[in-house]
Each structure stands twice: as structure tokens, then as C-alpha cells.
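*Asks:* I am sharing entry_29.csv, which consists of CSV, C-alpha atoms:
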```
chain,number,residue,atom,x,y,z
A,1,MET,CA,89.7,121.1,65.6
A,2,GLU,CA,91.5,123.1,68.2
A,3,LEU,CA,91.7,121.6,71.6
A,4,LYS,CA,91.9,123.7,74.8
A,5,ILE,CA,93.1,121.2,77.4
A,6,LYS,CA,93.7,122.8,80.8
A,7,ASN,CA,95.6,120.2,82.8
A,8,LYS,CA,97.2,116.8,82.9
A,9,ARG,CA,94.0,115.0,84.0
A,10,GLU,CA,92.1,116.4,81.1
A,11,PHE,CA,94.9,115.4,78.7
A,12,SER,CA,94.8,111.9,80.2
A,13,PHE,CA,91.0,111.8,79.6
A,14,TYR,CA,91.3,112.7,75.9
A,15,TRP,CA,94.3,110.3,75.4
A,16,SER,CA,92.6,107.4,77.1
A,17,TYR,CA,89.5,107.6,75.1
A,18,ILE,CA,91.4,108.0,71.8
A,19,TYR,CA,93.4,104.9,72.9
A,20,SER,CA,90.1,103.1,73.4
A,21,THR,CA,88.4,104.3,70.2
A,22,THR,CA,91.5,103.5,68.0
A,23,ASN,CA,91.3,99.9,69.2
A,24,LYS,CA,94.4,100.3,71.4
A,25,THR,CA,96.7,100.9,68.5
A,26,ILE,CA,98.4,103.8,70.3
A,27,PRO,CA,100.4,103.8,73.6
A,28,PRO,CA,97.9,103.5,76.5
A,29,TYR,CA,99.4,106.5,78.3
A,30,PRO,CA,100.9,109.8,77.2
A,31,ARG,CA,104.6,109.9,77.7
A,32,ALA,CA,104.7,113.5,78.9
A,33,ASP,CA,102.6,116.2,80.4
A,34,VAL,CA,100.1,118.3,78.4
A,35,ASN,CA,101.6,120.7,75.9
A,36,LYS,CA,101.0,121.7,72.3
A,37,ILE,CA,103.5,119.2,70.9
A,38,ASN,CA,101.8,116.2,72.7
A,39,ILE,CA,98.3,117.4,71.9
A,40,CYS,CA,99.4,117.5,68.2
A,41,LEU,CA,100.8,114.0,68.6
A,42,MET,CA,97.6,112.7,70.1
A,43,LYS,CA,95.6,114.2,67.2
A,44,ALA,CA,98.0,112.7,64.7
A,45,TYR,CA,97.4,109.2,66.2
A,46,LEU,CA,93.7,109.8,65.7
A,47,SER,CA,94.1,111.0,62.1
A,48,LYS,CA,96.4,108.1,61.3
A,49,HIS,CA,93.8,105.6,62.5
A,50,PHE,CA,90.7,107.1,60.8
A,51,ASN,CA,92.0,109.3,58.0
A,52,ASN,CA,88.5,111.0,58.1
A,53,LYS,CA,88.4,114.5,59.4
A,54,VAL,CA,84.6,114.5,60.0
A,55,ILE,CA,84.8,111.4,62.1
A,56,GLU,CA,87.9,112.7,63.9
A,57,ASP,CA,86.3,116.0,64.8
A,58,GLN,CA,83.1,114.3,66.0
A,59,ILE,CA,85.1,112.0,68.2
A,60,LEU,CA,86.9,115.0,69.8
A,61,ILE,CA,83.6,116.8,70.2
A,62,ASN,CA,82.2,113.8,72.0
A,63,ILE,CA,85.3,113.5,74.2
A,64,LYS,CA,85.1,117.2,75.1
A,65,LYS,CA,81.5,116.8,76.1
A,66,ASP,CA,82.2,113.8,78.2
A,67,CYS,CA,85.2,115.5,79.8
A,68,ASP,CA,83.1,118.5,80.7
A,69,ASN,CA,80.3,116.4,82.1
A,70,CYS,CA,82.3,113.7,83.9
A,71,LEU,CA,85.7,114.9,85.1
A,72,LEU,CA,85.8,116.1,88.7
A,73,SER,CA,87.9,119.0,89.8
A,74,GLU,CA,91.0,118.7,92.0
A,75,THR,CA,89.0,119.9,95.0
A,76,GLU,CA,86.3,117.3,94.5
A,77,ILE,CA,88.8,114.4,94.7
A,78,ILE,CA,91.0,115.9,97.4
A,79,TRP,CA,89.8,113.3,99.8
A,80,LEU,CA,91.8,110.6,97.9
A,81,ASN,CA,94.9,110.9,100.0
A,82,ARG,CA,98.1,110.0,98.1
A,83,LYS,CA,100.1,109.7,101.4
A,84,ASP,CA,97.6,107.5,103.3
A,85,GLU,CA,98.8,103.9,102.5
A,86,ARG,CA,96.0,102.3,104.4
A,87,GLN,CA,93.4,104.2,102.5
A,88,ILE,CA,95.0,103.6,99.1
A,89,ASN,CA,95.2,99.8,99.7
A,90,TRP,CA,91.5,99.7,100.7
A,91,LEU,CA,90.4,101.8,97.7
A,92,TRP,CA,92.6,99.6,95.4
A,93,PHE,CA,90.8,96.5,96.6
A,94,LEU,CA,87.5,98.3,96.2
A,95,ILE,CA,88.0,99.2,92.6
A,96,LEU,CA,89.7,95.9,91.7
A,97,SER,CA,86.6,94.2,93.0
A,98,ASN,CA,84.3,96.5,91.0
A,99,LYS,CA,86.1,97.1,87.6
A,100,SER,CA,82.9,98.7,86.3
A,101,ILE,CA,81.8,101.8,88.2
A,102,ASN,CA,78.2,100.7,87.7
A,103,THR,CA,78.8,97.8,90.1
A,104,LEU,CA,80.4,100.2,92.5
A,105,PHE,CA,77.3,102.4,92.4
A,106,PHE,CA,75.1,99.4,93.1
A,107,SER,CA,77.3,98.1,95.9
A,108,PHE,CA,76.8,101.4,97.7
A,109,GLY,CA,73.1,101.4,97.1
A,110,LEU,CA,73.2,104.3,94.7
A,111,THR,CA,70.6,102.9,92.2
A,112,ASN,CA,68.4,106.0,91.8
A,113,ILE,CA,70.7,107.8,89.4
A,114,LYS,CA,68.7,109.8,86.8
A,115,TYR,CA,70.3,110.9,83.5
A,116,ASN,CA,69.3,114.3,82.1
A,117,PRO,CA,68.9,113.8,78.3
A,118,ASP,CA,70.7,117.1,77.7
A,119,ASN,CA,73.6,116.2,80.0
A,120,THR,CA,74.3,112.6,79.4
A,121,PRO,CA,77.7,111.1,78.8
A,122,SER,CA,77.8,111.2,75.0
A,123,SER,CA,80.1,108.3,74.3
A,124,ASN,CA,78.0,105.4,75.5
A,125,ASN,CA,77.0,103.2,72.6
A,126,TYR,CA,73.2,103.3,72.7
A,127,TYR,CA,72.8,101.5,69.4
A,128,HIS,CA,73.7,98.0,70.3
A,129,ASN,CA,74.6,95.9,73.3
A,130,GLN,CA,77.9,94.3,72.5
A,131,PRO,CA,79.6,92.2,75.1
A,132,MET,CA,82.7,93.4,77.0
A,133,PRO,CA,85.1,94.7,76.2
A,134,TYR,CA,83.1,97.8,75.4
A,135,LEU,CA,85.0,100.3,73.3
A,136,ALA,CA,83.7,103.9,73.3
A,137,TYR,CA,83.3,106.0,70.2
A,138,ASN,CA,82.8,103.1,67.7
A,139,PRO,CA,83.0,105.1,64.5
A,140,CYS,CA,80.4,102.9,62.8
A,141,PHE,CA,77.8,104.7,65.0
A,142,ILE,CA,78.9,108.3,64.8
A,143,PRO,CA,76.3,110.3,63.0
A,144,LEU,CA,77.9,112.2,60.1
A,145,ASN,CA,75.2,114.8,59.7
A,146,ASN,CA,73.1,117.0,61.9
A,147,PHE,CA,69.9,115.2,61.1
A,148,ALA,CA,70.8,111.8,62.6
A,149,PRO,CA,68.4,110.8,65.3
A,150,THR,CA,69.6,111.0,68.9
A,151,PRO,CA,68.6,107.9,70.9
A,152,PRO,CA,67.2,108.4,74.4
A,153,PRO,CA,69.7,107.9,77.2
A,154,PRO,CA,69.4,104.5,79.0
A,155,LYS,CA,68.7,104.0,82.6
A,156,LEU,CA,71.6,103.0,84.8
A,157,GLU,CA,70.4,99.3,84.8
A,158,THR,CA,70.8,99.2,81.0
A,159,LEU,CA,74.1,100.9,80.6
A,160,PRO,CA,76.9,98.7,79.4
A,161,TYR,CA,79.2,97.5,82.2
A,162,ILE,CA,82.5,98.9,81.1
A,163,ASP,CA,85.5,97.1,82.5
A,164,LEU,CA,87.7,100.2,83.1
A,165,PHE,CA,90.7,98.0,83.8
A,166,PHE,CA,90.5,96.2,80.4
A,167,THR,CA,89.3,99.2,78.4
A,168,PHE,CA,92.1,101.5,79.5
A,169,ASN,CA,94.8,98.8,80.1
A,170,PHE,CA,95.1,99.5,83.8
A,171,ASN,CA,97.8,97.5,85.5
A,172,GLN,CA,96.0,95.0,87.8
A,173,ASN,CA,99.2,94.1,89.7
A,174,PRO,CA,100.8,97.3,90.8
A,175,TYR,CA,103.2,97.0,93.7
A,176,SER,CA,103.8,100.6,94.7
A,177,ASN,CA,101.2,102.8,96.4
A,178,LYS,CA,102.1,105.6,94.0
A,179,GLU,CA,100.9,103.5,91.0
A,180,LYS,CA,97.8,102.4,92.8
A,181,TYR,CA,96.9,106.0,93.6
A,182,GLU,CA,97.3,107.0,90.0
A,183,ILE,CA,95.1,104.2,88.7
A,184,ILE,CA,92.4,105.0,91.3
A,185,ILE,CA,92.3,108.6,90.1
A,186,LYS,CA,92.1,107.4,86.5
A,187,TYR,CA,89.3,105.0,87.5
A,188,PHE,CA,87.1,107.8,88.8
A,189,ASP,CA,88.2,110.2,86.0
A,190,LEU,CA,87.5,107.9,83.1
A,191,ALA,CA,84.2,106.4,84.3
A,192,LEU,CA,81.3,107.9,82.3
A,193,ALA,CA,79.1,109.1,85.1
A,194,LYS,CA,77.9,112.6,85.7
A,195,LYS,CA,79.9,114.7,88.2
A,196,GLU,CA,77.1,114.9,90.7
A,197,ASP,CA,76.7,111.1,90.7
A,198,LYS,CA,80.5,110.6,91.1
A,199,ILE,CA,80.4,113.1,94.1
A,200,ASN,CA,77.6,111.1,95.7
A,201,LEU,CA,79.6,107.9,95.2
A,202,ILE,CA,82.8,109.4,96.7
A,203,ASN,CA,80.8,110.7,99.6
A,204,ALA,CA,79.4,107.2,100.3
A,205,ILE,CA,82.9,105.7,99.9
A,206,ARG,CA,84.3,108.3,102.3
A,207,HIS,CA,81.6,107.6,104.9
A,208,GLN,CA,82.3,103.9,104.8
A,209,TRP,CA,86.0,104.5,105.1
A,210,ASN,CA,85.5,106.7,108.1
A,211,ILE,CA,83.7,103.8,109.8
A,212,ILE,CA,86.4,101.2,108.8
A,213,SER,CA,89.4,103.3,109.7
A,214,SER,CA,88.0,104.1,113.1
A,215,ASN,CA,88.0,100.4,114.2
A,216,ASP,CA,91.6,100.4,115.1
A,217,SER,CA,94.8,102.4,114.6
A,218,PHE,CA,97.1,99.4,114.8
A,219,SER,CA,99.6,101.3,117.0
A,220,TRP,CA,100.1,98.0,118.8
A,221,LEU,CA,101.8,96.6,115.7
A,222,THR,CA,105.5,97.2,114.8
A,223,GLN,CA,105.5,97.9,111.0
A,224,ASP,CA,109.0,96.4,110.4
A,225,ASN,CA,108.4,93.3,112.6
A,226,GLU,CA,107.8,90.8,109.8
A,227,GLN,CA,107.5,87.8,112.2
A,228,GLN,CA,104.8,89.6,114.2
A,229,ASN,CA,102.9,90.7,111.1
A,230,LYS,CA,103.1,87.3,109.4
A,231,TRP,CA,101.7,85.8,112.6
A,232,CYS,CA,98.8,88.3,112.6
A,233,ILE,CA,98.0,87.3,108.9
A,234,ASP,CA,97.9,83.6,109.8
A,235,TYR,CA,95.8,84.4,112.9
A,236,ILE,CA,93.1,86.3,111.0
A,237,ILE,CA,92.9,83.7,108.2
A,238,ASP,CA,92.7,80.9,110.8
A,239,TYR,CA,89.9,82.9,112.5
A,240,TRP,CA,88.0,83.2,109.3
A,241,ASN,CA,88.4,79.5,108.6
A,242,LYS,CA,87.2,78.5,112.0
A,243,ASN,CA,84.1,80.8,111.6
A,244,ASN,CA,83.3,79.8,108.0
A,245,ILE,CA,84.0,83.3,106.7
A,246,ASN,CA,84.7,83.3,102.9
A,247,HIS,CA,88.0,84.9,102.1
A,248,ASN,CA,88.9,83.5,98.7
A,249,ASN,CA,89.1,86.9,97.1
A,250,THR,CA,91.4,88.4,99.7
A,251,ILE,CA,94.4,86.2,100.1
A,252,ASN,CA,96.4,87.0,96.9
A,253,ILE,CA,96.5,90.8,97.4
A,254,GLU,CA,99.6,92.5,96.3
A,255,VAL,CA,100.9,94.9,99.0
A,256,GLU,CA,104.2,96.3,100.0
A,257,ASN,CA,104.7,94.4,103.3
A,258,ASN,CA,103.0,92.0,105.7
A,259,TYR,CA,102.0,94.9,108.0
A,260,SER,CA,100.0,96.5,105.2
A,261,LYS,CA,98.5,93.1,104.2
A,262,PHE,CA,97.2,92.4,107.6
A,263,VAL,CA,95.7,95.9,108.0
A,264,LEU,CA,94.1,95.5,104.6
A,265,LEU,CA,92.7,92.1,105.4
A,266,PHE,CA,91.2,93.6,108.6
A,267,ASP,CA,89.8,96.6,106.7
A,268,ILE,CA,88.1,94.7,103.9
A,269,TRP,CA,86.6,92.2,106.3
A,270,SER,CA,82.8,92.8,106.3
A,271,ALA,CA,81.9,92.5,109.9
A,272,TYR,CA,80.1,94.6,112.5
A,273,PRO,CA,82.3,97.1,114.4
A,274,ASP,CA,81.7,95.3,117.7
A,275,THR,CA,82.8,92.0,116.1
A,276,LYS,CA,86.0,93.7,114.9
A,277,LYS,CA,86.7,95.2,118.4
A,278,LEU,CA,86.3,91.8,120.0
A,279,PHE,CA,88.7,90.4,117.4
A,280,ILE,CA,91.3,93.0,118.1
A,281,GLN,CA,91.1,92.2,121.8
A,282,SER,CA,91.4,88.5,121.0
A,283,ILE,CA,94.5,88.9,118.7
A,284,LYS,CA,96.3,91.2,121.2
A,285,LYS,CA,95.8,88.7,124.0
A,286,ALA,CA,96.8,85.8,121.8
A,287,TYR,CA,100.0,87.5,120.7
A,288,ALA,CA,100.9,88.5,124.3
A,289,GLN,CA,100.5,84.8,125.3
A,290,LYS,CA,102.7,83.8,122.3
A,291,LYS,CA,105.5,86.2,123.3
A,292,PHE,CA,105.4,84.8,126.8
A,293,ARG,CA,105.6,81.2,125.6
A,294,ASP,CA,108.5,82.1,123.3
A,295,LYS,CA,110.4,83.5,126.2
A,296,GLN,CA,109.9,80.2,128.1
A,297,VAL,CA,111.6,78.1,125.4
A,298,GLY,CA,114.6,76.3,126.9
A,299,LYS,CA,113.5,77.0,130.5
A,300,LYS,CA,112.1,74.7,133.1
A,301,GLN,CA,110.4,75.5,136.3
A,302,CYS,CA,112.4,74.7,139.5
A,303,SER,CA,111.2,74.1,143.0
A,304,PHE,CA,113.5,74.5,146.0
A,305,ASN,CA,113.5,76.3,149.3
A,306,LEU,CA,115.5,79.5,150.2
A,307,SER,CA,115.8,81.3,153.5
A,308,GLN,CA,113.8,84.5,153.8
A,309,LYS,CA,117.0,86.4,154.0
A,310,SER,CA,118.2,85.0,150.6
A,311,ILE,CA,114.8,85.7,149.1
A,312,ASN,CA,115.0,89.4,150.2
A,313,GLN,CA,118.6,89.7,149.0
A,314,LEU,CA,117.6,88.2,145.6
A,315,ALA,CA,114.8,90.7,145.3
A,316,LEU,CA,117.2,93.5,146.2
A,317,LEU,CA,119.7,92.4,143.5
A,318,SER,CA,116.9,92.1,141.0
A,319,GLU,CA,115.7,95.7,141.7
A,320,LEU,CA,119.2,97.2,141.7
A,321,GLN,CA,120.2,95.6,138.4
A,322,GLY,CA,116.8,95.9,136.8
A,323,VAL,CA,116.6,92.3,135.7
A,324,PRO,CA,114.4,89.4,136.7
A,325,LYS,CA,115.3,87.2,139.6
A,326,ASN,CA,115.9,84.2,137.5
A,327,ASN,CA,118.5,86.2,135.5
A,328,ILE,CA,120.3,87.0,138.8
A,329,LEU,CA,120.5,83.3,139.7
A,330,GLU,CA,121.6,82.3,136.3
A,331,SER,CA,124.4,84.9,136.3
A,332,LEU,CA,125.6,83.9,139.7
A,333,ILE,CA,125.7,80.2,138.7
A,334,ASN,CA,127.5,80.9,135.4
A,335,HIS,CA,130.1,83.1,137.2
A,336,LYS,CA,130.7,80.3,139.8
A,337,ILE,CA,131.1,77.7,137.1
A,338,LEU,CA,133.7,79.8,135.3
A,339,GLU,CA,135.5,80.5,138.6
A,340,LEU,CA,135.8,76.8,139.3
A,341,GLY,CA,136.9,76.0,135.7
A,342,VAL,CA,134.2,73.4,135.3
A,343,LYS,CA,133.9,72.2,131.7
A,344,GLN,CA,130.3,71.9,130.5
```
Is it possible to give me this structure as C-alpha cells?

*Replies:*
Amino acid sequence: MELKIKNKREFSFYWSYIYSTTNKTIPPYPRADVNKINICLMKAYLSKHFNNKVIEDQILINIKKDCDNCLLSETEIIWLNRKDERQINWLWFLILSNKSINTLFFSFGLTNIKYNPDNTPSSNNYYHNQPMPYLAYNPCFIPLNNFAPTPPPPKLETLPYIDLFFTFNFNQNPYSNKEKYEIIIKYFDLALAKKEDKINLINAIRHQWNIISSNDSFSWLTQDNEQQNKWCIDYIIDYWNKNNINHNNTINIEVENNYSKFVLLFDIWSAYPDTKKLFIQSIKKAYAQKKFRDKQVGKKQCSFNLSQKSINQLALLSELQGVPKNNILESLINHKILELGVKQ
């Protein structure tokens, strides 16, 4: 069967489902971009596993149908911004918490999805309900003649919950945002849901993200200040503990630095916007107080009288040199100690 694959994402779709239906006996990902040689290699893997041209052609027909029905265009996924680290980390946590796209549909309240019998993902196994892992295109159930009955498409509630991470061997612990982004794209590409349903889901996700990302810009944080960012992580966890907020599924998140981790913890926290605004005010105030206390380490308050003239002169020196009054006094004292040769 001749394959007319247009782009890399289509090629990845074919390869991933052949990987699944051959019981993961081939590499999980193609080693290069789409071209005639690699398409022939993919078909050779399929032929080596089944050695039955009828089954092989039927599998490729099913994959093509699913690809046509399920794969979104580049324009339809343009909202997924490769360069937005904050968005990528939030989306990563979202799909890692919902490894089946079915649970993601339900979590966004999209339960009224209707399947057109003439335009239903063809690779769902309607013939039996095996437990996960669910492997598409089980050859035992591929009709080998044109008279085999076609079962009715199930409702969303009865579809098998396909763990996309297990089925397609997604790395669950990627460190770089580049790899996270690529897996997010594959998650939405390989999920067997109709295009219009995926678009509705992405629109719902985008709406929620717009609300979350508008809570704060975090311009008050310094990205490379590890001490500050670690303190902020401890602060939000301590806040959750004091307020009995469950956070067991949020602590061991792999991100590139503590700044990104704190921002992600804040973004995935399910709280009203007003609650988050009050929290930001609280953490800013607490950190300002911490910085002030840190500056006072090793210092003690002194109480003594100065003439008004000396007070005015001290204020003038402070203004001219642009340093606090206590720094002026300390400098004068140190200078005098050195001048007298006093050993300390």
C-alpha cells in the first residue's frame, strides 16, 4: 500500500501506532524526518512483525483514517507556545495528571461529546474491554473481508482509557522544556478523539490558562536568585500545610530551576483568583521583612545623645555619600581605630 505522508507529525502518527500494534517491538520514535527511505523502513517493520499483507494493509488503512480524523493542523495547535516556559510546565503537569485524554475531557467538563458513526476513530477496540495497557490495532480483531460486521461506536463513557504515556513510551521525567513540548504535542496528536473535540478541549485549556497566567507576572522575583526562589517554595508549601491544602502530587515535579518550580506550584494551585492575589501580597511582605531581618544580623541598636549640629552634619554626610547614617559612623570609627593603631 502506497503511503502519502505529508509532514513529520503525520509520520510520527503512523510510526507511533505501528509501534503500538507491533507490541513495541520496534523503536518507539523514528530516527529521522519523513522521507521515502524511512517510510519504507516503517512498512518493513510492520511486514516483519505480521508477515501478512492483508493485515498490514488493513492496519495502514485504519491508521490513515485515524490520522485524517484526529490529527490537528499546525494552525490549530499554534497556541501551544514552544518558547513559553511557564505555559509548557503547566501543560506538562496537566497531561501528566491526565495520562488518558478521556480524563482530561472530563476534568474540563466536556462530557457531551458525540461520535458520528461515519467519522469515528477506527482503531478503538470495540470487541472487548481489556485492561490497560490498551494496544490499538489488535490484529485478532481486524476483519479480513468486506462482510465483517462493524460494531457501533461507543459513547465517551465506555471508551477504553488509553494511557498515552505507557502506550507510546513517553518519557515521564523529561528535564528540558524542549522535550516536554514535544511530548505535549504528541499527546494531543496521538489521542484518538475527533478534531472538533480536540479543538474544544484546547479552547477550554487555553481559557483556563489565560485566567491562571493573569494572576501574577512574577516580575518581583529574580530568576537566578536561588536563595530567594527556594525560600518562596518553602513559603508556599508551609502555607498549604497550615491551611490543610493537599499538595502530595505537586512536590516532586521536575523543572529546570527553583524559579520555575515556584511559579508552577503557584499556577497548579486550585484557588480562587482573589485568594491567590492575597497570597502574593502576603509572600511579598514576608520576603521584604526577611530581607530586612537578614540585614540586621550582627547589628545591635545603640542609644546615645548627639548635639543637633552633629545630627545635621551626619545627615549631610549621609546624603553626600549616598549611604545610611550608621555606615557613616562605622566608617569614622574604623578609620580612627586604624589611625590610633589599636589592635582588635

*Asks:* Name the residues in contact with A:His247 at a cut-off of 10 Å, using all atoms listed in the file, excluding same-chain residues fewer than 4 positions from it; report them as a PyMOL selection string.

*Replies:* chain A and resi 237+240-241+251+265+268-269

*Asks:* Contacts of stretch 227-231 of chain A at 10 Å or less, counting all atoms listed in the file, minus same-chain residues fewer than 5 places along, as a list in words?

*Replies:*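 Near stretch 227-231 of chain A, the qualifying residues are Leu221, Thr222, Ile236, Asn257, Asn258, Tyr259, Ser260, Lys261, Phe262, Val263, Ile283, Tyr287, Lys290 and Lys291 of chain A.
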
*Asks:* Take the residues from that selection and write them out as a CSV table (one decimal), keeping the file's coordinate frame, keeping C-alpha atoms.

*Replies:*
```
chain,number,residue,atom,x,y,z
A,221,LEU,CA,101.8,96.6,115.7
A,222,THR,CA,105.5,97.2,114.8
A,236,ILE,CA,93.1,86.3,111.0
A,257,ASN,CA,104.7,94.4,103.3
A,258,ASN,CA,103.0,92.0,105.7
A,259,TYR,CA,102.0,94.9,108.0
A,260,SER,CA,100.0,96.5,105.2
A,261,LYS,CA,98.5,93.1,104.2
A,262,PHE,CA,97.2,92.4,107.6
A,263,VAL,CA,95.7,95.9,108.0
A,283,ILE,CA,94.5,88.9,118.7
A,287,TYR,CA,100.0,87.5,120.7
A,290,LYS,CA,102.7,83.8,122.3
A,291,LYS,CA,105.5,86.2,123.3
```

*Asks:* Between A:Tyr161, A:Tyr45, A:Phe266, A:Phe166, which has the minimum distance to A:Phe106 (counting all atoms listed in the file)?

*Replies:*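 Using all atoms listed in the file, A:Phe106 sits closest to A:Tyr161.
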
*Asks:* Just checking: using only C-alpha atoms, which residue out of A:Asn89, A:Ser310, A:Asn243, A:Asn69 ends up closest to A:Phe13?

*Replies:*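 Nearest candidate to A:Phe13 out of A:Asn89, A:Ser310, A:Asn243, A:Asn69: A:Asn69.
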
*Asks:* How many Å lie between atom CA of A:Lys277 and atom CA of A:Asn215, rounded to one decimal?

*Replies:*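 A separation of 6.8 Å between them.
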
*Asks:* Within 8 Å of stretch 3-12 of chain A, counting all atoms listed in the file, which residues qualify if same-chain residues fewer than 2 places away don't, as a PyMOL selection string?

*Replies:* chain A and resi 1+14-16+29-30+33-34+39+67+71+189

*Asks:* As an exercise, work out the distance from atom CA of A:Lys285 to atom CA of A:Glu319 in Å and give it to one decimal place.

*Replies:* 27.5 Å

*Asks:* Could you check how far atom CA of A:Gln308 sits from atom CA of A:Ser331, in Å to one decimal?

*Replies:*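 Spanning atom CA of A:Gln308 to atom CA of A:Ser331 is a straight-line distance of 20.5 Å.
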
*Asks:* With distances taken over only C-alpha atoms, which residue among A:Ala271, A:Met42, A:Leu264, A:Ile185 lies nearest A:Asn246?

*Replies:*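 Nearest to A:Asn246: A:Ala271.
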
*Asks:* Of the candidates A:Leu314, A:Leu96, A:Ile78, A:Ala44, which shows the shortest atom-to-atom distance to A:Arg206, using only C-alpha atoms?

*Replies:*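 For A:Arg206, the nearest of the candidates is A:Ile78.
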
*Asks:* Rank A:Ile245, A:Glu76, A:Ile311, A:Phe168 by their smallest atom-to-atom distance to A:Pro27, using only C-alpha atoms, and report the top residue only.

*Replies:*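 Checking each of A:Ile245, A:Glu76, A:Ile311, A:Phe168 against A:Pro27, counting only C-alpha atoms, the winner is A:Phe168.
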
*Asks:* Between A:Ser270, A:Asp224, A:Lys198, A:Phe170, single out the one closest to A:Ile211, counting only C-alpha atoms.

*Replies:*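 Going through A:Ser270, A:Asp224, A:Lys198, A:Phe170 one by one, the smallest distance to A:Ile211 is for A:Ser270.
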